[in-house]
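Coordinates from structure-v9.csv are shown below (CSV, C-alpha atoms and all ligand atoms).
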```csv
chain,number,residue,atom,x,y,z
A,1,MET,CA,6.0,-23.3,25.0
A,2,LYS,CA,4.0,-20.1,25.2
A,3,ARG,CA,2.3,-18.6,22.2
A,4,ILE,CA,2.0,-15.0,21.2
A,5,GLY,CA,-0.1,-13.6,18.3
A,6,VAL,CA,0.4,-10.4,16.3
A,7,LEU,CA,-2.1,-8.6,14.1
A,8,THR,CA,-2.2,-5.5,12.0
A,9,GLY,CA,-5.5,-3.6,11.6
A,10,GLY,CA,-6.9,-0.6,9.7
A,11,GLY,CA,-5.3,1.1,6.7
A,12,ASP,CA,-1.9,-0.2,5.8
A,13,ALA,CA,1.2,2.0,6.5
A,14,PRO,CA,4.9,1.7,5.9
A,15,GLY,CA,6.5,0.4,9.0
A,16,LEU,CA,4.0,-2.4,9.8
A,17,ASN,CA,6.4,-5.1,8.6
A,18,PRO,CA,9.3,-3.7,10.7
A,19,ALA,CA,7.0,-3.8,13.8
A,20,ILE,CA,6.0,-7.4,13.0
A,21,ARG,CA,9.7,-8.2,12.8
A,22,GLY,CA,10.3,-6.6,16.2
A,23,VAL,CA,7.6,-8.7,17.7
A,24,PHE,CA,8.9,-11.9,16.1
A,25,TYR,CA,12.5,-11.4,17.2
A,26,LYS,CA,11.8,-10.3,20.8
A,27,ALA,CA,9.1,-12.9,21.4
A,28,SER,CA,11.3,-15.7,19.9
A,29,ALA,CA,14.2,-14.6,22.0
A,30,LEU,CA,12.0,-14.9,25.1
A,31,GLY,CA,11.0,-18.4,24.1
A,32,PHE,CA,7.5,-17.7,22.6
A,33,GLU,CA,6.1,-19.3,19.5
A,34,VAL,CA,4.9,-16.3,17.3
A,35,VAL,CA,1.9,-16.6,15.1
A,36,GLY,CA,0.5,-14.0,12.7
A,37,ILE,CA,-3.3,-13.3,12.8
A,38,ALA,CA,-4.6,-12.6,9.3
A,39,ASP,CA,-6.3,-9.4,8.4
A,40,GLY,CA,-6.6,-7.7,11.8
A,41,TRP,CA,-9.5,-8.5,14.1
A,42,LYS,CA,-11.1,-10.4,11.2
A,43,GLY,CA,-8.5,-13.1,11.6
A,44,LEU,CA,-9.4,-13.6,15.3
A,45,LEU,CA,-13.1,-13.8,14.5
A,46,GLU,CA,-12.3,-16.5,11.8
A,47,LYS,CA,-9.3,-18.1,13.5
A,48,LYS,CA,-7.2,-17.4,10.4
A,49,LEU,CA,-3.5,-17.5,10.9
A,50,VAL,CA,-0.4,-16.5,8.9
A,51,GLU,CA,2.8,-18.5,9.4
A,52,LEU,CA,5.7,-16.4,10.5
A,53,THR,CA,9.4,-17.3,10.1
A,54,LYS,CA,12.6,-15.5,10.6
A,55,GLU,CA,13.2,-15.5,6.8
A,56,LYS,CA,9.8,-14.0,6.2
A,57,VAL,CA,10.0,-11.2,8.6
A,58,ASP,CA,13.6,-10.3,7.6
A,59,GLU,CA,12.6,-10.2,3.9
A,60,ALA,CA,9.6,-8.0,4.8
A,61,LEU,CA,11.7,-5.4,6.7
A,62,LEU,CA,12.1,-3.2,3.7
A,63,LYS,CA,8.7,-3.6,2.3
A,64,GLY,CA,5.5,-1.5,2.6
A,65,GLY,CA,2.1,-2.9,3.5
A,66,THR,CA,1.8,-5.7,5.9
A,67,ILE,CA,2.6,-9.4,5.4
A,68,LEU,CA,-0.3,-10.3,7.8
A,69,GLY,CA,-2.9,-8.5,5.7
A,70,SER,CA,-5.3,-6.0,7.3
A,71,SER,CA,-9.0,-5.1,7.5
A,72,ARG,CA,-11.3,-2.6,9.1
A,73,THR,CA,-13.3,-5.3,10.8
A,74,ASN,CA,-14.8,-4.2,14.2
A,75,PRO,CA,-15.7,-7.2,16.4
A,76,TYR,CA,-18.0,-4.9,18.4
A,77,LYS,CA,-20.1,-4.4,15.3
A,78,ARG,CA,-20.7,-8.2,15.0
A,79,GLU,CA,-23.3,-10.2,16.8
A,80,GLY,CA,-21.3,-11.9,19.6
A,81,GLY,CA,-18.1,-10.6,18.1
A,82,PRO,CA,-16.1,-9.8,21.3
A,83,GLU,CA,-17.1,-13.2,22.8
A,84,SER,CA,-15.9,-15.0,19.7
A,85,VAL,CA,-12.6,-13.2,19.8
A,86,VAL,CA,-12.2,-14.2,23.5
A,87,ALA,CA,-13.1,-17.9,22.7
A,88,ASN,CA,-10.8,-18.1,19.7
A,89,PHE,CA,-8.0,-16.5,21.6
A,90,LYS,CA,-8.2,-19.4,24.0
A,91,GLU,CA,-8.7,-22.0,21.3
A,92,LEU,CA,-5.7,-20.8,19.4
A,93,GLY,CA,-3.7,-21.2,22.7
A,94,LEU,CA,-2.6,-17.6,22.8
A,95,ASP,CA,-0.9,-16.3,25.9
A,96,GLY,CA,-0.8,-12.8,24.6
A,97,LEU,CA,-1.4,-10.6,21.6
A,98,ILE,CA,0.3,-7.5,20.1
A,99,ALA,CA,-2.2,-5.4,18.1
A,100,ILE,CA,-0.6,-2.9,15.7
A,101,GLY,CA,-3.0,-0.3,14.5
A,102,GLY,CA,-4.5,3.1,14.8
A,103,GLU,CA,-7.2,4.5,17.1
A,104,ASP,CA,-9.8,1.9,15.8
A,105,THR,CA,-7.7,-1.2,16.2
A,106,LEU,CA,-6.2,0.0,19.5
A,107,GLY,CA,-9.6,1.1,20.7
A,108,VAL,CA,-10.9,-2.5,20.2
A,109,ALA,CA,-7.8,-3.8,22.0
A,110,GLY,CA,-8.4,-1.4,24.9
A,111,ARG,CA,-12.0,-2.6,25.2
A,112,LEU,CA,-11.0,-6.3,25.1
A,113,VAL,CA,-8.5,-5.6,27.8
A,114,GLY,CA,-10.9,-3.6,30.0
A,115,GLU,CA,-14.0,-5.9,29.5
A,116,TYR,CA,-12.4,-9.4,29.1
A,117,HIS,CA,-8.9,-9.0,30.6
A,118,LEU,CA,-7.3,-10.3,27.4
A,119,PRO,CA,-3.5,-9.9,27.6
A,120,ILE,CA,-3.0,-7.4,24.7
A,121,ASN,CA,-0.4,-4.7,24.2
A,122,GLY,CA,-0.4,-2.2,21.3
A,123,VAL,CA,1.9,-0.5,18.8
A,124,PRO,CA,0.6,2.8,17.3
A,125,LYS,CA,0.3,3.0,13.5
A,126,THR,CA,-1.3,5.5,11.1
A,127,ILE,CA,-0.2,7.9,8.4
A,128,ASP,CA,-2.8,10.2,9.9
A,129,PHE,CA,-0.6,10.7,13.0
A,130,ASP,CA,-3.7,11.0,15.1
A,131,VAL,CA,-3.3,8.4,17.8
A,132,PRO,CA,-3.5,10.1,21.2
A,133,GLU,CA,-0.8,9.7,23.9
A,134,THR,CA,2.0,9.2,21.5
A,135,ASP,CA,4.2,11.5,19.5
A,136,PHE,CA,5.0,9.0,16.8
A,137,THR,CA,2.8,6.6,14.8
A,138,LEU,CA,4.5,4.4,12.3
A,139,GLY,CA,3.9,5.2,8.6
A,140,PHE,CA,3.5,9.0,9.0
A,141,PHE,CA,7.0,10.1,8.2
A,142,THR,CA,7.2,7.8,5.1
A,143,ALA,CA,3.9,9.1,3.9
A,144,LEU,CA,5.0,12.7,4.5
A,145,GLU,CA,8.1,12.0,2.3
A,146,VAL,CA,5.8,10.9,-0.5
A,147,THR,CA,3.3,13.8,-0.2
A,148,THR,CA,6.2,16.4,0.0
A,149,ASP,CA,7.9,14.9,-3.0
A,150,ILE,CA,4.6,15.2,-5.0
A,151,LEU,CA,4.1,18.7,-3.9
A,152,GLU,CA,7.6,19.6,-5.1
A,153,ARG,CA,6.9,18.1,-8.5
A,154,LEU,CA,3.6,20.0,-8.7
A,155,GLN,CA,5.5,23.3,-8.1
A,156,ASP,CA,7.4,22.6,-11.3
A,157,THR,CA,4.3,22.1,-13.3
A,158,ALA,CA,2.4,25.0,-11.7
A,159,ASN,CA,5.4,27.2,-12.5
A,160,SER,CA,5.7,26.1,-16.1
A,161,HIS,CA,2.0,26.5,-16.9
A,162,HIS,CA,1.3,29.5,-14.7
A,163,ARG,CA,-1.4,27.6,-13.0
A,164,ALA,CA,-2.8,27.0,-9.5
A,165,LEU,CA,-2.4,23.4,-8.4
A,166,VAL,CA,-4.3,21.9,-5.5
A,167,LEU,CA,-2.9,18.8,-3.7
A,168,GLU,CA,-5.3,16.8,-1.6
A,169,VAL,CA,-3.7,14.5,1.0
A,170,MET,CA,-5.1,12.0,3.5
A,171,GLY,CA,-5.2,12.3,7.3
A,172,ARG,CA,-8.9,11.9,8.0
A,173,HIS,CA,-10.0,14.4,10.6
A,174,ALA,CA,-6.5,15.4,11.6
A,175,GLY,CA,-4.5,17.8,9.4
A,176,TRP,CA,-0.9,16.6,10.4
A,177,LEU,CA,-0.1,15.3,6.9
A,178,GLY,CA,-1.6,18.4,5.3
A,179,LEU,CA,0.2,20.9,7.5
A,180,PHE,CA,3.6,19.2,7.5
A,181,THR,CA,3.4,18.6,3.7
A,182,ALA,CA,2.6,22.3,3.2
A,183,VAL,CA,5.4,23.4,5.5
A,184,ALA,CA,8.0,20.9,4.2
A,185,GLY,CA,7.2,21.5,0.5
A,186,GLY,CA,6.7,25.3,0.6
A,187,ALA,CA,3.0,25.4,-0.3
A,188,ASP,CA,1.3,28.8,-0.6
A,189,TYR,CA,-1.7,27.8,1.5
A,190,VAL,CA,-3.2,24.9,3.4
A,191,LEU,CA,-6.7,23.9,4.4
A,192,LEU,CA,-7.0,21.8,7.5
A,193,PRO,CA,-9.9,19.8,9.2
A,194,GLU,CA,-9.1,21.5,12.6
A,195,GLN,CA,-10.2,24.9,11.3
A,196,LYS,CA,-13.3,26.1,9.5
A,197,PRO,CA,-11.8,27.1,6.0
A,198,ASN,CA,-11.6,30.8,5.6
A,199,VAL,CA,-12.3,30.8,1.8
A,200,ALA,CA,-12.0,34.6,1.4
A,201,HIS,CA,-8.6,34.6,3.0
A,202,MET,CA,-7.4,31.7,0.9
A,203,LEU,CA,-8.5,33.4,-2.3
A,204,GLU,CA,-6.9,36.6,-1.3
A,205,GLN,CA,-3.6,34.8,-0.5
A,206,VAL,CA,-3.6,32.7,-3.6
A,207,LYS,CA,-4.3,35.9,-5.7
A,208,SER,CA,-1.4,37.7,-4.1
A,209,VAL,CA,0.9,34.8,-4.7
A,210,LEU,CA,-0.2,34.5,-8.3
A,211,ASP,CA,0.4,38.2,-8.8
A,212,THR,CA,3.9,38.0,-7.5
A,213,LYS,CA,5.1,34.5,-8.4
A,214,GLY,CA,2.9,33.7,-11.3
A,215,TYR,CA,1.8,30.3,-9.9
A,216,ALA,CA,0.4,28.8,-6.7
A,217,VAL,CA,0.2,25.5,-4.9
A,218,VAL,CA,-2.4,24.8,-2.2
A,219,VAL,CA,-2.5,21.7,0.1
A,220,VAL,CA,-5.9,20.5,1.2
A,221,SER,CA,-6.4,17.9,3.9
A,222,GLU,CA,-9.1,15.4,2.9
A,223,GLY,CA,-11.0,16.1,6.1
A,224,ALA,CA,-11.2,19.9,5.6
A,225,ILE,CA,-14.9,20.8,5.6
A,226,LEU,CA,-15.7,23.2,2.8
A,227,ASP,CA,-19.3,22.0,2.3
A,228,GLU,CA,-21.0,19.4,4.6
A,229,ASN,CA,-23.1,18.2,1.6
A,230,LEU,CA,-20.0,16.8,0.0
A,231,LEU,CA,-20.0,14.0,2.5
A,232,LYS,CA,-23.7,13.1,2.2
A,233,ASN,CA,-24.5,9.5,1.1
A,234,ARG,CA,-20.9,8.4,1.4
A,235,PRO,CA,-20.1,4.8,2.6
A,236,VAL,CA,-19.3,4.5,6.3
A,237,ASP,CA,-16.9,1.8,7.7
A,238,GLU,CA,-17.5,-0.4,10.7
A,239,PHE,CA,-15.9,2.2,13.0
A,240,GLY,CA,-18.3,4.8,11.8
A,241,HIS,CA,-15.8,6.7,9.5
A,242,VAL,CA,-17.2,8.2,6.4
A,243,GLN,CA,-15.2,7.7,3.2
A,244,LEU,CA,-13.4,11.0,2.6
A,245,GLY,CA,-11.9,12.4,-0.6
A,246,GLY,CA,-12.8,15.0,-3.2
A,247,VAL,CA,-12.7,18.3,-1.2
A,248,GLY,CA,-9.6,19.3,-3.2
A,249,GLU,CA,-11.7,19.4,-6.4
A,250,SER,CA,-14.1,21.9,-4.9
A,251,VAL,CA,-11.2,24.0,-3.7
A,252,ALA,CA,-9.7,24.0,-7.2
A,253,GLN,CA,-13.0,24.9,-8.7
A,254,LEU,CA,-13.4,27.8,-6.3
A,255,ILE,CA,-9.9,29.2,-7.2
A,256,GLN,CA,-10.5,28.9,-10.9
A,257,ASP,CA,-14.0,30.5,-10.7
A,258,HIS,CA,-13.0,33.4,-8.5
A,259,LEU,CA,-9.5,34.1,-9.8
A,260,GLY,CA,-9.8,33.1,-13.4
A,261,VAL,CA,-6.5,31.1,-13.2
A,262,GLU,CA,-6.3,27.7,-14.8
A,263,THR,CA,-6.4,25.3,-11.8
A,264,ARG,CA,-6.0,21.5,-11.5
A,265,CYS,CA,-6.4,19.2,-8.5
A,266,VAL,CA,-4.4,16.1,-7.6
A,267,ILE,CA,-6.0,13.7,-5.2
A,268,LEU,CA,-3.1,11.6,-4.0
A,269,GLY,CA,-5.2,8.8,-2.5
A,270,HIS,CA,-3.7,5.5,-1.6
A,271,ALA,CA,-0.4,6.1,-3.3
A,272,GLN,CA,0.7,8.0,-0.2
A,273,ARG,CA,0.2,4.8,2.0
A,274,GLY,CA,2.4,2.4,0.0
A,275,GLY,CA,6.1,2.1,-0.5
A,276,LYS,CA,9.1,1.0,1.6
A,277,PRO,CA,9.4,2.4,5.1
A,278,SER,CA,11.8,5.3,5.7
A,279,ILE,CA,14.7,4.7,8.1
A,280,LEU,CA,12.7,6.2,11.0
A,281,ASP,CA,9.7,4.0,10.1
A,282,ARG,CA,12.0,0.9,10.4
A,283,ILE,CA,13.8,1.7,13.6
A,284,LEU,CA,11.1,3.1,16.0
A,285,PRO,CA,8.4,0.5,15.2
A,286,GLN,CA,10.9,-2.3,15.8
A,287,LEU,CA,11.8,-0.8,19.2
A,288,GLN,CA,8.1,-0.2,20.1
A,289,ALA,CA,7.3,-3.8,19.2
A,290,ILE,CA,10.2,-5.0,21.3
A,291,LYS,CA,9.0,-3.0,24.3
A,292,ALA,CA,5.4,-4.2,23.8
A,293,VAL,CA,6.5,-7.8,23.9
A,294,GLU,CA,8.9,-7.3,26.8
A,295,TRP,CA,6.1,-5.7,28.9
A,296,LEU,CA,3.7,-8.5,27.9
A,297,ASN,CA,6.2,-11.1,29.0
A,298,GLU,CA,6.5,-9.3,32.4
A,299,GLY,CA,2.8,-9.4,32.8
A,300,HIS,CA,2.4,-5.7,32.2
A,301,VAL,CA,-0.5,-5.8,29.7
A,302,GLY,CA,-3.1,-3.4,28.4
A,303,VAL,CA,-0.6,-0.8,27.3
A,304,LEU,CA,0.4,1.0,24.2
A,305,ALA,CA,4.2,1.3,23.3
A,306,ALA,CA,4.0,5.1,22.9
A,307,TYR,CA,6.8,7.3,21.9
A,308,ARG,CA,7.1,10.3,24.3
A,309,GLU,CA,9.8,12.6,25.3
A,310,GLY,CA,12.5,10.6,23.5
A,311,SER,CA,11.7,7.1,24.7
A,312,ILE,CA,9.1,4.3,24.5
A,313,LYS,CA,6.7,4.5,27.4
A,314,PRO,CA,3.7,2.2,28.4
A,315,ILE,CA,0.5,4.1,28.2
A,316,GLU,CA,-2.9,2.5,29.2
A,317,LEU,CA,-4.7,1.4,26.1
A,318,THR,CA,-8.0,2.4,27.6
A,319,LYS,CA,-6.8,6.1,27.3
A,320,VAL,CA,-6.9,5.7,23.5
A,321,VAL,CA,-10.4,4.4,23.2
A,322,GLY,CA,-12.7,6.8,21.3
A,323,ARG,CA,-10.1,9.6,21.1
A,324,ASN,CA,-8.0,11.0,18.4
A,325,ARG,CA,-5.3,13.7,18.2
A,326,PRO,CA,-5.9,16.9,16.3
A,327,ILE,CA,-3.1,19.4,15.7
A,328,PRO,CA,-2.8,21.7,18.7
A,329,GLU,CA,-4.0,25.2,18.0
A,330,GLU,CA,-0.6,26.7,18.9
A,331,LEU,CA,1.2,24.6,16.3
A,332,ILE,CA,-1.2,25.8,13.6
A,333,LYS,CA,-0.7,29.3,14.7
A,334,ASP,CA,3.1,29.0,14.6
A,335,PHE,CA,3.1,27.6,11.1
A,336,SER,CA,0.4,30.0,9.9
A,337,VAL,CA,3.2,32.5,9.3
A,338,PHE,CA,4.0,30.7,6.1
A,339,PHE,CA,0.4,31.2,4.9
A,340,ASN,CA,-0.2,34.9,5.6
A,341,GLY,CA,-1.6,34.0,9.0
A,342,LEU,CA,-4.2,31.6,7.6
A,343,GLY,CA,-6.9,34.1,8.4
A,344,LEU,CA,-6.9,33.0,12.0
B,401,LIG,O1,-6.6,6.1,8.4
B,401,LIG,C1,-5.7,6.0,7.3
B,401,LIG,C2,-6.4,6.5,6.0
B,401,LIG,O2,-5.4,6.3,5.0
B,401,LIG,C3,-7.0,7.8,6.0
B,401,LIG,O3,-6.1,8.8,5.9
B,401,LIG,C4,-8.0,7.7,4.9
B,401,LIG,O4,-9.1,8.6,5.0
B,401,LIG,C5,-8.5,6.3,5.0
B,401,LIG,O5,-7.4,5.6,5.7
B,401,LIG,C6,-8.8,5.6,3.7
B,401,LIG,O6,-9.3,4.4,4.0
B,401,LIG,P1,-9.5,3.2,3.0
B,401,LIG,O7,-8.2,2.6,2.7
B,401,LIG,O8,-10.4,2.3,3.7
B,401,LIG,O9,-10.0,3.8,1.7
```

As structure tokens, what does this structure read like?
Ligand code: F6P
Amino acid sequence: MKRIGVLTGGGDAPGLNPAIRGVFYKASALGFEVVGIADGWKGLLEKKLVELTKEKVDEALLKGGTILGSSRTNPYKREGGPESVVANFKELGLDGLIAIGGEDTLGVAGRLVGEYHLPINGVPKTIDFDVPETDFTLGFFTALEVTTDILERLQDTANSHHRALVLEVMGRHAGWLGLFTAVAGGADYVLLPEQKPNVAHMLEQVKSVLDTKGYAVVVVSEGAILDENLLKNRPVDEFGHVQLGGVGESVAQLIQDHLGVETRCVILGHAQRGGKPSILDRILPQLQAIKAVEWLNEGHVGVLAAYREGSIKPIELTKVVGRNRPIPEELIKDFSVFFNGLGL
């Protein structure tokens, strides 16, 4: 019997368990034994497995997080790491692997395919929505429901107390979650990592909204760069990412100091990553997983099950290595109409 492994790496996201279920069902139907690799690439470095059964993956379908565990372990940052992964791959008797993750996890997969010819296919995941070559990453739309729900609640409080409220959301160096939350929840302004913040314009717009409406809500992406110093001496992970968070507080302080309005900041943090996957985050990840396994079985390896133009397409994993996907300028410009042009 052939053996296939599945791992989840990077930050957890709703939709990981449905993807694992898709892998399990399709691989089992093709006659593979399916084994879970614990905690992303760490599990392959340490040969740590998680038993998978039909009952387990069925039960996990509606649950957030990942039943395999996750980590930000980068084998390329460990002495002899990639070689250990290759050796353990063989020792575990794996004939293939499905790696579910964001640019980091998929980047490692791409390198292992390119440099060691390991048979790996990928499924894109991240609430940041920033994996290149795909128009869908599992977790994003569920996280967006959460952030938008919170923004709506903040409007009530901002209105009742005649305040300005700032909501800081995740997304790392891509502003998808920030922009879509602001558009879906009717924020008065948004600050994104893709643009140098125009503070004067933001203050002008917030003042005008306060004058007419009596309250204001502003969304800030955690990666918006207000002051480079804010990120000094922060911890950096194995993929070189600095720990973000806190820019919203500075934005709130600016608004309060310049406009004299009572202002509060809510940093949503990891609450936006948990919870059960939305319907979309159950259906598409299962389909992507099914295709990733199908291609692997056909010997078509080294590809990402990307969602493009309405269907799942195989895209070379090597195209993902070292890249991310910022919001296109035109989209920011289109939506800027809701924020008085964003000072573009
Ligand atoms: O990449 C997903 C993400 O949630 C980012 O939006 C955020 O900056 C980061 O992970 C947080 O990472 P951690 O869970 O390691 O604190």

6 Å contact set for Thr134 of chain A, all atoms listed in the file, chain neighbours under 4 positions out, as a list in words
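Skipping anything fewer than 4 positions along the chain leaves Ala306, Tyr307 and Arg308 of chain A.
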
Need the shell around segment 81-87 of chain A: protein/DNA/RNA residues with any atom at most 10 Å away, counting only C-alpha atoms. Skip same-chain ones fewer than 6 positions apart. Format as a ChimeraX atom specification?
/A:41-47,74-75,93,108,111-112,115-118

Distance limit 7 Å, reference ligand LIG 401 (chain B), atoms considered: all atoms listed in the file. Which residues make the cut? Give them as a PyMOL selection string.
chain A and resi 10-11+126-128+170-172+243-244+270+273

What is the atom CA of Lys125 of chain A-atom CA of Glu103 of chain A distance in Å, reported with one decimal?
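That distance, rounded to one decimal, is 8.5 Å.
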
Selection near segment 309-320 of chain A, 9 Å with all atoms listed in the file, sequence-local residues under 2 positions removed, as a ChimeraX atom specification
/A:103,106-107,109-111,113-114,121-122,131-135,284,287-288,291-292,295,300-307,322-324
